[in-house]
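Here is the structure we will look at.
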2 protein chains.
Amino acid sequence: MNGAQSLIHTLVDHGVDTCFMNPGTSEMHFVAALDDVPTMRGVLALFEGVATGAADGYARIAGRPAATLLHLGPGLGNGLANLHNARRAHSPVVNIVGDHAKSHRPYDAQLQSDIATVARNVSPFVRTTESTAALGQDARDALAAAYGPPGSVATLILPADVSWNDGGSVAPVVGGIGSGPALGALPAVDVLDAAAAALRSGERTALFIGGRVCSGPLLQAAADLAASTGAELLCETFPARLARGAGRPPVERLGYLAEFAAIRLDGIRHLVLLDAKSPVSFFAYPGKLSDLVPEGCTVHPLVGPADDVALAVAALGELVGTSVGTGPLQDAGRPGLPSGALTAQTVCQALGALLPEGAIVSDEGNTAGLFAPGATAGAPPHDWLCLTGGAIGQGLPVAVGAAVAAPDRRVIALEADGSALYTIQSLWTMAREDLDVTTVILNNHSYAVLNMELDRVGAESPGPRARDMLDLSRPDLDFVQIARGLGLSAARAETAEQFNEELARSFATPGPSVVEAVIPGIL
Amino acid sequence: MNGAQSLIHTLVDHGVDTCFMNPGTSEMHFVAALDDVPTMRGVLALFEGVATGAADGYARIAGRPAATLLHLGPGLGNGLANLHNARRAHSPVVNIVGDHAKSHRPYDAQLQSDIATVARNVSPFVRTTESTAALGQDARDALAAAYGPPGSVATLILPADVSWNDGGSVAPVVGGIGSGPALGALPAVDVLDAAAAALRSGERTALFIGGRVCSGPLLQAAADLAASTGAELLCETFPARLARGAGRPPVERLGYLAEFAAIRLDGIRHLVLLDAKSPVSFFAYPGKLSDLVPEGCTVHPLVGPADDVALAVAALGELVGTSVGTGPLQDAGRPGLPSGALTAQTVCQALGALLPEGAIVSDEGNTAGLFAPGATAGAPPHDWLCLTGGAIGQGLPVAVGAAVAAPDRRVIALEADGSALYTIQSLWTMAREDLDVTTVILNNHSYAVLNMELDRVGAESPGPRARDMLDLSRPDLDFVQIARGLGLSAARAETAEQFNEELARSFATPGPSVVEAVIPGIL
């Protein structure tokens with residue numbers, strides 16, 4: 001058994017059976033080994049950022065890691081932005097980066113670079129495997145690091161000769177890696193007591209939830225905790241995965257704009273963090289504060305991403321006496337189908353009217369998608385995946401990964417025109433894998449969010465040359481043609497009626513398609 | 001004057017008047033300052049890899065740096081592969097990466113990451129500017145590092161508040177930075193003597209040229225040196241810029257395939273390196289040597305990228321007694337226009353038949369472009385830009401930068417289908433800037449080079465699942481639609497006659513266009 005074969009067997013034995021890849025010469029033995037281990041599914045991407053973003057999306061939905069396979073330092077560079085997003089989302093990813101053969105290192109060949117250093121930026125675990133015999137064990141260590149908690153990007157650097165040499169051995173599963181949620185650290189008793197005291201204090205208190213608390217039974221437990229104690233329930237601005245819709249606890253996301261977030265938090269005296277970071281503004285602005293916690297508010301960091309969140313929430317519930325099932329649930333209710341002009345608002349209205357049960361929304365709609373959460377609040381149960389790490393170009397790849405993880409669910413990529421272009425190659429993988437993804441491109445012909453930010457940062461009277469750097473209308477992008485060129489069926493909608501029809505058609509048609517929504521700028 | 005204004009003024013005063021950018025919120029003051037300094041041209045890219053590759057192409061043709069403007073760590077990541085290529089090509093680039101405001105650092109906001117560490121992978125000079133007052137001077141230091149020698153990527157990390165605060169001052173030009181070629185180190189006398197002795201020895205000796213020796217007067221001097229001493233003249237496999245065509249010294253490029261390169265070098269007793277590295281194979285292969293220097297051959301590293309190459313070549317010429325003008329010059333001669341089936345060979349034949357005088361070819365044709373150098377050898381004088389660093393996705397961005405640097409020349413991007421997809425967003429910038437670029441996409445529906453490498457690495461009997469990972473035909477990519485969607489005119493050719501016509505039409509039509517050449521796989 002060569003190294004590559006032992007690696008793939010070890011991955012599969014630990015629950016990792018999907019690999020999003022864009023391989024090169026140094027990864028050819030890994031590719032060849034796919035025929036030896038048919039339980040490993042290889043998913044080809046035309047660009048590394050698609051592969052890494054898909055691994056992130058896969059993990060958010062499957063709850064376990066996929067592997068990636070990237071080609072040397074430049075391949076890692078191309079995948080870095082979406083690995084950054086995965087790091088911020090605490091998505092487990094086994095990030096395999098091929099390297100030159102060890103024997104080739106002294107020659108500083110054209111593609112040689114310092115892979116490990118770049119990887120450390122996104123990956124707490126980085127290891128270069130130095131022998132074929134050690135590869136299985138190294139893979140197991142990477143798997144353990146990826147699963148966490150905290151869920152992490154774990155990078156395994158794989159020299160070509162380690163991969164092609166004989167002498168590989170499959171690492172057995174020990175310690176339950178991959179067989180269920182791992183335990184994390186327990187909350188400190190004093191923090192737990194302080195949080196409980198805050199909830200009982202009668203002062204305005206909010207539970208600020210994120211990460212694992214935003215879906216599954218923990219979301220219900222947090223809602224019950226809030227309802228039982230009179231606390232407010234708030235969620236981080238861009239949760240990695242938020243379960244929502246009719247019959248689920250409604251959760252308010254803290255606004256992106258720091259001005260509005262500060263107003264929302266004003267007057268709160270205690271903020272109990274449940275798998276969330278203390279809120280800070282996304283960017284800094286001249287003369288404005290970065291820290292959004294109001295003066296006089298005490299922050300209680302009860303659970304972080306490395307902690308045992310279920311136990312902490314249960315312990316807090318016990319201390320304050322939570323009544324199970326007291327948290328309010330969202331009423332069912334959809335907006336009617338829109339008519340007339342197509343705008344950011346009517347696009348979102350149509351989405352709310354038609355969203356299929358069990359849908360997954362990968363949301364990178366930016367300014368144009370602002371109305372989507374409101375319009376879909378009472379739609380049938382669904383999951384919402386946000387831009388947790390802030391690096392644009394995530395929406396389409398995350399949709400790819402989510403659809404691979406959940407082949408029985410409709411995935412909707414809600415994309416802004418500017419953001420879509422970073423990883424537009426994703427569309428081809430959707431077609432190749434025949435994924436049930438509806439991509440909605442909100443085309444307002446500009447980097448609208450930057451036009452807003454240009455004003456917000458207080459740049460003095462921006463002139464025509466500055467505005468021109470944020471303009472996408474010279475020439476206009478035609479996403480219907482781009483999508484068709486990448487192998488998908490696609491349609492353009494310029495009225496609400498057209499959009500309703502195309503969206504319904506896409507939802508009803510197996511496989512991927514693109515609907516370009518031509519909308520005016522909203523700013 | 002705020003920091004951004006002082007930075008742009010300093011860049012322009014030092015000869016940097018073009019900035020390829022994909023900005024975000026933290027770079028908005030730089031963008032706003034474009035209206036204050038109209039001599040700085042901002043060129044917008046839809047993806048950072050386009051911006052960094054364009055800066056590389058610009059430097060190869062203009063002989064001076066452009067600036068880039070990237071958004072935080074993820075933006076740098078997206079640009080990293082083409083910065084790797086620029087590093088290998090010794091292209092000067094002033095790489096400006098915006099960062100969060102210094103005041104925002106303590107909060108570890110979503111997009112925060114360790115920019116400097118990632119930048120060091122491609123950039124010997126990395127500096128974070130800590131005060132607005134220091135920004136002009138820091139920019140000047142970055143400029144000095146970029147110009148070199150060696151020409152380098154120099155990274156300036158620019159916190160948003162350093163950019164927006166008042167108190168900037170323009171750094172005056174001192175020491176002639178940017179005003180002409182800087183001097184480098186002189187060759188060691190013993191190396192010079194040994195190289196001269198080798199050339200006079202009567203043993204088989206080759207001049208192995210690269211970098212700055214591949215164009216301009218130094219190419220002629222090297223050819224004269226070879227002709228006067230009976231040495232062979234060889235050039236590195238992927239020179240950053242090779243001047244060629246009728247009336248110029250013909251230079252043989254060392255082959256990409258290590259097997260062929262080893263045969264070519266067999267029997268050579270002395271290899272004199274002129275701004276080139278000692279030849280090594282691109283990748284390692286099981287049981288094959290990485291070092292291509294034959295046994296018993298002495299390597300003379302006369303000039304490296306940090307050295308004064310003009311002086312070294314002149315000194316060597318003086319020692320061995322070069323006769324100026326003895327080097328052979330390429331005869332003029334073009335192949336006839338092809339007819340019949342369109343293949344990799346007939347595409348290149350048409351290119352040779354029609355190549356305009358003064359053309360610049362950005363060559364990322366990979367396997368499909370193998371015939372291009374032969375077919376164009378006797379065409380009118382032109383420049384050839386290669387994949388020096390080996391990171392795929394360079395061809396289209398380099399064409400963008402070359403066209404911005406030389407608006408009076410026709411640029412041809414010779415692109416493979418697989419490679420084109422990494423940075424396909426380049427096409428939009430070509431349209432926006434109305435650049436005279438002809439993009440030829442060699443569409444053979446596969447990662448053909450990897451199919452070849454899969455066999456070469458000795459992967460045992462690759463099966464269908466492995467081959468599937470190298471297949472781009474499911475679905476087929478339609479580059480005509482993709483190009484039109486990105487705002488360009490485009491046509492498909494399926495016969496040689498159609499290709500001749502479309503290529504001629506593109507060359508005769510100002511502005512950019514795309515010709516998709518549908519060809520069979522050659523392997």
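To be explicit about the labels: the chains of the structure tokens are called A, B, and onward in the order shown, and within each one the residues are counted from 1, while ligands get numbers from 1 in the order they are shown.
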
What lies within 8 Å of B:Val37 using only C-alpha atoms, ignoring chain neighbours under 3 positions off, as a list in words?
Gln5, Ile8, His9, Ala33, Leu34 and Met40 of chain B

If you run DSSP over the backbone, which residues in stretch 23-72 of chain A end up strand (DSSP E)? Put them as a PyMOL selection string.
chain A and resi 41-44+66-71

Might you pull out every residue within 8 Å of A:Gly487, with only C-alpha atoms counted and same-chain residues fewer than 6 positions away left off, and present them as a compact mmCIF listing (two decimals) with C-alpha atoms, in the first residue's frame?
# COMPACT_ATOMS: atom_id res chain seq x y z
CA LEU A 427 -21.09 26.94 -11.22
CA TRP A 428 -19.25 24.34 -13.28
CA ALA A 431 -23.31 21.26 -13.19
CA PRO B 475 -20.05 19.69 -18.93
CA ASP B 476 -18.05 21.25 -21.75
CA LEU B 477 -16.88 24.77 -21.13
CA ASP B 478 -18.18 27.29 -23.66

All residues 9 Å or closer to B:Val309, only C-alpha atoms, same chain fewer than 2 positions away omitted, as an MDAnalysis selection string:
chainID B and resid 183:187 212:213 218 274:275 302:307 311:314

Now that the selection is made, can you save its residues with all heavy atoms as a CSV table (one decimal), in the first residue's frame?
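again_17.csv, freshly written:
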chain,number,residue,atom,x,y,z
B,183,LEU,N,22.3,49.7,-10.1
B,183,LEU,CA,23.5,48.9,-10.2
B,183,LEU,C,23.3,47.7,-9.2
B,183,LEU,O,22.7,47.8,-8.2
B,183,LEU,CB,24.7,49.7,-9.8
B,183,LEU,CG,25.0,50.9,-10.7
B,183,LEU,CD1,26.2,51.7,-10.2
B,183,LEU,CD2,25.1,50.5,-12.1
B,184,GLY,N,23.9,46.6,-9.6
B,184,GLY,CA,23.9,45.4,-8.7
B,184,GLY,C,25.3,45.1,-8.3
B,184,GLY,O,26.3,45.8,-8.5
B,185,ALA,N,25.5,43.9,-7.7
B,185,ALA,CA,26.8,43.5,-7.2
B,185,ALA,C,27.6,43.1,-8.4
B,185,ALA,O,27.1,42.6,-9.5
B,185,ALA,CB,26.6,42.3,-6.3
B,186,LEU,N,28.9,43.2,-8.3
B,186,LEU,CA,29.8,42.8,-9.3
B,186,LEU,C,30.2,41.3,-9.2
B,186,LEU,O,30.2,40.7,-8.1
B,186,LEU,CB,31.1,43.6,-9.3
B,186,LEU,CG,30.9,45.1,-9.3
B,186,LEU,CD1,32.2,45.9,-9.2
B,186,LEU,CD2,30.2,45.5,-10.6
B,187,PRO,N,30.4,40.6,-10.3
B,187,PRO,CA,30.8,39.2,-10.2
B,187,PRO,C,32.1,39.0,-9.5
B,187,PRO,O,33.0,39.8,-9.7
B,187,PRO,CB,30.8,38.7,-11.7
B,187,PRO,CG,31.0,40.0,-12.5
B,187,PRO,CD,30.4,41.1,-11.7
B,212,ARG,N,17.2,39.0,-17.1
B,212,ARG,CA,17.4,40.2,-17.9
B,212,ARG,C,18.2,40.0,-19.2
B,212,ARG,O,18.3,40.9,-20.0
B,212,ARG,CB,18.1,41.3,-17.0
B,212,ARG,CG,17.3,41.8,-15.9
B,212,ARG,CD,18.1,42.4,-14.8
B,212,ARG,NE,18.9,41.4,-14.1
B,212,ARG,CZ,19.9,41.6,-13.2
B,212,ARG,NH1,20.2,42.9,-12.9
B,212,ARG,NH2,20.5,40.6,-12.6
B,213,VAL,N,18.9,38.8,-19.3
B,213,VAL,CA,19.7,38.5,-20.5
B,213,VAL,C,18.8,38.1,-21.7
B,213,VAL,O,19.3,37.9,-22.8
B,213,VAL,CB,20.8,37.5,-20.1
B,213,VAL,CG1,21.7,37.2,-21.3
B,213,VAL,CG2,21.5,37.9,-18.9
B,218,LEU,N,21.5,42.9,-23.9
B,218,LEU,CA,22.2,41.8,-23.3
B,218,LEU,C,22.0,40.5,-24.0
B,218,LEU,O,22.8,39.6,-24.0
B,218,LEU,CB,21.7,41.7,-21.8
B,218,LEU,CG,22.3,42.8,-20.9
B,218,LEU,CD1,21.6,42.7,-19.5
B,218,LEU,CD2,23.8,42.6,-20.8
B,274,LEU,N,23.9,32.9,-16.7
B,274,LEU,CA,23.8,34.4,-16.8
B,274,LEU,C,22.4,34.8,-16.4
B,274,LEU,O,21.4,34.6,-17.2
B,274,LEU,CB,24.1,34.8,-18.3
B,274,LEU,CG,25.5,34.6,-18.8
B,274,LEU,CD1,25.6,35.0,-20.3
B,274,LEU,CD2,26.5,35.3,-18.0
B,275,ASP,N,22.3,35.2,-15.2
B,275,ASP,CA,20.9,35.6,-14.6
B,275,ASP,C,20.0,34.4,-14.7
B,275,ASP,O,18.7,34.6,-14.9
B,275,ASP,CB,20.4,36.8,-15.3
B,275,ASP,CG,19.5,37.7,-14.4
B,275,ASP,OD1,19.4,37.3,-13.2
B,275,ASP,OD2,18.9,38.6,-14.8
B,302,LEU,N,27.7,32.8,-12.9
B,302,LEU,CA,28.4,34.1,-13.1
B,302,LEU,C,27.5,35.3,-12.6
B,302,LEU,O,28.0,36.2,-11.9
B,302,LEU,CB,28.7,34.3,-14.5
B,302,LEU,CG,29.6,35.6,-14.8
B,302,LEU,CD1,30.9,35.4,-14.3
B,302,LEU,CD2,29.6,35.8,-16.3
B,303,VAL,N,26.3,35.3,-12.9
B,303,VAL,CA,25.4,36.4,-12.6
B,303,VAL,C,24.1,35.9,-12.1
B,303,VAL,O,23.4,35.1,-12.7
B,303,VAL,CB,25.1,37.3,-13.8
B,303,VAL,CG1,24.5,38.6,-13.4
B,303,VAL,CG2,26.3,37.5,-14.7
B,304,GLY,N,23.7,36.5,-10.9
B,304,GLY,CA,22.4,36.2,-10.4
B,304,GLY,C,21.5,37.4,-10.5
B,304,GLY,O,21.9,38.5,-10.9
B,305,PRO,N,20.3,37.3,-10.0
B,305,PRO,CA,19.3,38.4,-10.1
B,305,PRO,C,19.7,39.7,-9.3
B,305,PRO,O,19.2,40.7,-9.6
B,305,PRO,CB,18.0,37.8,-9.6
B,305,PRO,CG,18.3,36.5,-8.9
B,305,PRO,CD,19.6,36.1,-9.5
B,306,ALA,N,20.6,39.5,-8.3
B,306,ALA,CA,21.0,40.7,-7.6
B,306,ALA,C,22.2,41.4,-8.1
B,306,ALA,O,22.7,42.4,-7.6
B,306,ALA,CB,21.2,40.3,-6.1
B,307,ASP,N,22.8,40.8,-9.2
B,307,ASP,CA,24.1,41.3,-9.7
B,307,ASP,C,23.9,42.3,-10.8
B,307,ASP,O,22.9,42.4,-11.4
B,307,ASP,CB,24.9,40.1,-10.1
B,307,ASP,CG,25.1,39.1,-9.0
B,307,ASP,OD1,25.2,39.5,-7.8
B,307,ASP,OD2,25.2,37.9,-9.3
B,311,LEU,N,27.4,44.6,-16.6
B,311,LEU,CA,28.9,44.7,-16.4
B,311,LEU,C,29.5,43.3,-16.4
B,311,LEU,O,30.6,43.1,-17.0
B,311,LEU,CB,29.1,45.3,-15.0
B,311,LEU,CG,30.5,45.8,-14.8
B,311,LEU,CD1,30.5,47.3,-14.8
B,311,LEU,CD2,31.1,45.3,-13.5
B,312,ALA,N,28.8,42.3,-15.9
B,312,ALA,CA,29.4,41.0,-15.9
B,312,ALA,C,29.5,40.4,-17.3
B,312,ALA,O,30.5,39.8,-17.7
B,312,ALA,CB,28.5,40.0,-15.1
B,313,VAL,N,28.5,40.6,-18.1
B,313,VAL,CA,28.5,40.1,-19.5
B,313,VAL,C,29.6,40.9,-20.3
B,313,VAL,O,30.4,40.3,-21.0
B,313,VAL,CB,27.1,40.3,-20.2
B,313,VAL,CG1,27.2,40.0,-21.7
B,313,VAL,CG2,26.1,39.4,-19.5
B,314,ALA,N,29.7,42.2,-20.0
B,314,ALA,CA,30.8,42.9,-20.7
B,314,ALA,C,32.2,42.5,-20.3
B,314,ALA,O,33.1,42.3,-21.1
B,314,ALA,CB,30.6,44.4,-20.4

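You can rank B:Gln112, B:Met452, B:Tyr422, B:Gly485 by their closest distance to A:Val50 using only C-alpha atoms, and at the top of that list sits B:Tyr422.
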
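Residue nearest chain A within the list B:Val514, B:Val398, B:Ala344, B:Leu44: B:Leu44 [criterion: smallest interatomic distance, only C-alpha atoms].
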
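Between B:Gly202 and the candidates B:Thr322, B:Ile268, B:Gly247, B:Asp331, the tightest atom-to-atom separation, counting only C-alpha atoms, involves B:Ile268.
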
Name all residues at most 10 Å from A:Asp383 (count only C-alpha atoms; drop same-chain ones fewer than 3 positions away) and give them as a ChimeraX atom specification.
/A:60-61,214-215,240-245,357-362,386,411

Would you save the residues of that selection, restricted to N, CA, C and O atoms, as a compact mmCIF listing (two decimals), in the first residue's frame?
# COMPACT_ATOMS: atom_id res chain seq x y z
N ARG A 60 -20.53 22.64 7.46
CA ARG A 60 -21.63 23.32 8.16
C ARG A 60 -22.91 22.49 8.12
O ARG A 60 -23.71 22.55 9.05
N ILE A 61 -23.09 21.74 7.03
CA ILE A 61 -24.32 20.96 6.90
C ILE A 61 -24.14 19.53 7.39
O ILE A 61 -24.97 18.98 8.11
N CYS A 214 -26.64 27.96 17.35
CA CYS A 214 -27.57 28.53 16.37
C CYS A 214 -28.37 27.49 15.61
O CYS A 214 -29.14 27.82 14.70
N SER A 215 -28.19 26.22 15.95
CA SER A 215 -29.01 25.20 15.29
C SER A 215 -29.16 24.00 16.22
O SER A 215 -28.44 23.88 17.22
N ALA A 240 -22.53 30.89 11.26
CA ALA A 240 -22.13 29.90 10.26
C ALA A 240 -23.34 29.12 9.76
O ALA A 240 -23.45 28.79 8.58
N ARG A 241 -24.26 28.83 10.68
CA ARG A 241 -25.48 28.10 10.30
C ARG A 241 -26.57 28.45 11.29
O ARG A 241 -26.44 28.15 12.48
N LEU A 242 -27.61 29.05 10.79
CA LEU A 242 -28.72 29.43 11.66
C LEU A 242 -29.97 28.66 11.21
O LEU A 242 -30.39 28.78 10.07
N ALA A 243 -30.52 27.87 12.15
CA ALA A 243 -31.77 27.15 11.87
C ALA A 243 -32.92 28.12 12.09
O ALA A 243 -32.98 28.80 13.12
N ARG A 244 -33.80 28.22 11.12
CA ARG A 244 -34.88 29.21 11.24
C ARG A 244 -36.11 28.75 10.47
O ARG A 244 -36.15 27.69 9.89
N GLY A 245 -37.13 29.57 10.50
CA GLY A 245 -38.37 29.26 9.81
C GLY A 245 -39.47 28.86 10.78
O GLY A 245 -39.28 28.82 12.01
N GLU A 357 -39.42 23.72 1.77
CA GLU A 357 -39.13 23.19 3.09
C GLU A 357 -37.78 22.48 3.06
O GLU A 357 -37.45 21.76 2.12
N GLY A 358 -37.00 22.70 4.12
CA GLY A 358 -35.70 22.05 4.20
C GLY A 358 -34.62 22.72 3.37
O GLY A 358 -33.52 22.19 3.23
N ALA A 359 -34.92 23.88 2.82
CA ALA A 359 -33.94 24.57 1.98
C ALA A 359 -32.73 25.00 2.81
O ALA A 359 -32.80 25.14 4.03
N ILE A 360 -31.62 25.17 2.10
CA ILE A 360 -30.41 25.74 2.70
C ILE A 360 -30.08 26.99 1.90
O ILE A 360 -29.96 26.92 0.67
N VAL A 361 -29.96 28.13 2.58
CA VAL A 361 -29.64 29.37 1.89
C VAL A 361 -28.19 29.75 2.20
O VAL A 361 -27.83 29.94 3.36
N SER A 362 -27.39 29.82 1.15
CA SER A 362 -26.02 30.33 1.29
C SER A 362 -26.08 31.80 0.93
O SER A 362 -26.28 32.16 -0.23
N CYS A 386 -24.10 32.01 6.62
CA CYS A 386 -23.67 33.40 6.45
C CYS A 386 -22.17 33.50 6.20
O CYS A 386 -21.42 32.54 6.35
N VAL A 411 -30.70 23.81 -2.31
CA VAL A 411 -29.77 24.84 -1.83
C VAL A 411 -29.97 26.09 -2.68
O VAL A 411 -30.09 26.00 -3.91

Quick one: residues within 10 Å of B:Leu486, only C-alpha atoms, excluding same-chain residues fewer than 2 positions away - as a VMD selection string?
(chain A and resid 421 475 to 479 481 to 482) or (chain B and resid 424 to 432 480 to 484 488 to 489)

Students should find that atom CA of B:His445 and atom CA of B:Ala517 are spaced 11.0 Å

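Straight-line separation from atom CA of A:Glu27 to atom CA of B:Glu236: 25.2 Å.
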
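Counting only C-alpha atoms, A:Ser323 has the following residues at most 12 Å away, ignoring those fewer than 6 positions along the same chain: Gln220, Ala221, Ala222, Ala223, Asp224, Leu225, Ala226, Ala227, Ser228, Thr229, Gly230, Ala314 and Gly317 of chain A.
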
What gap, in Å, lies between atom CA of B:Leu355 and atom CA of B:Asp417?
21.3 Å
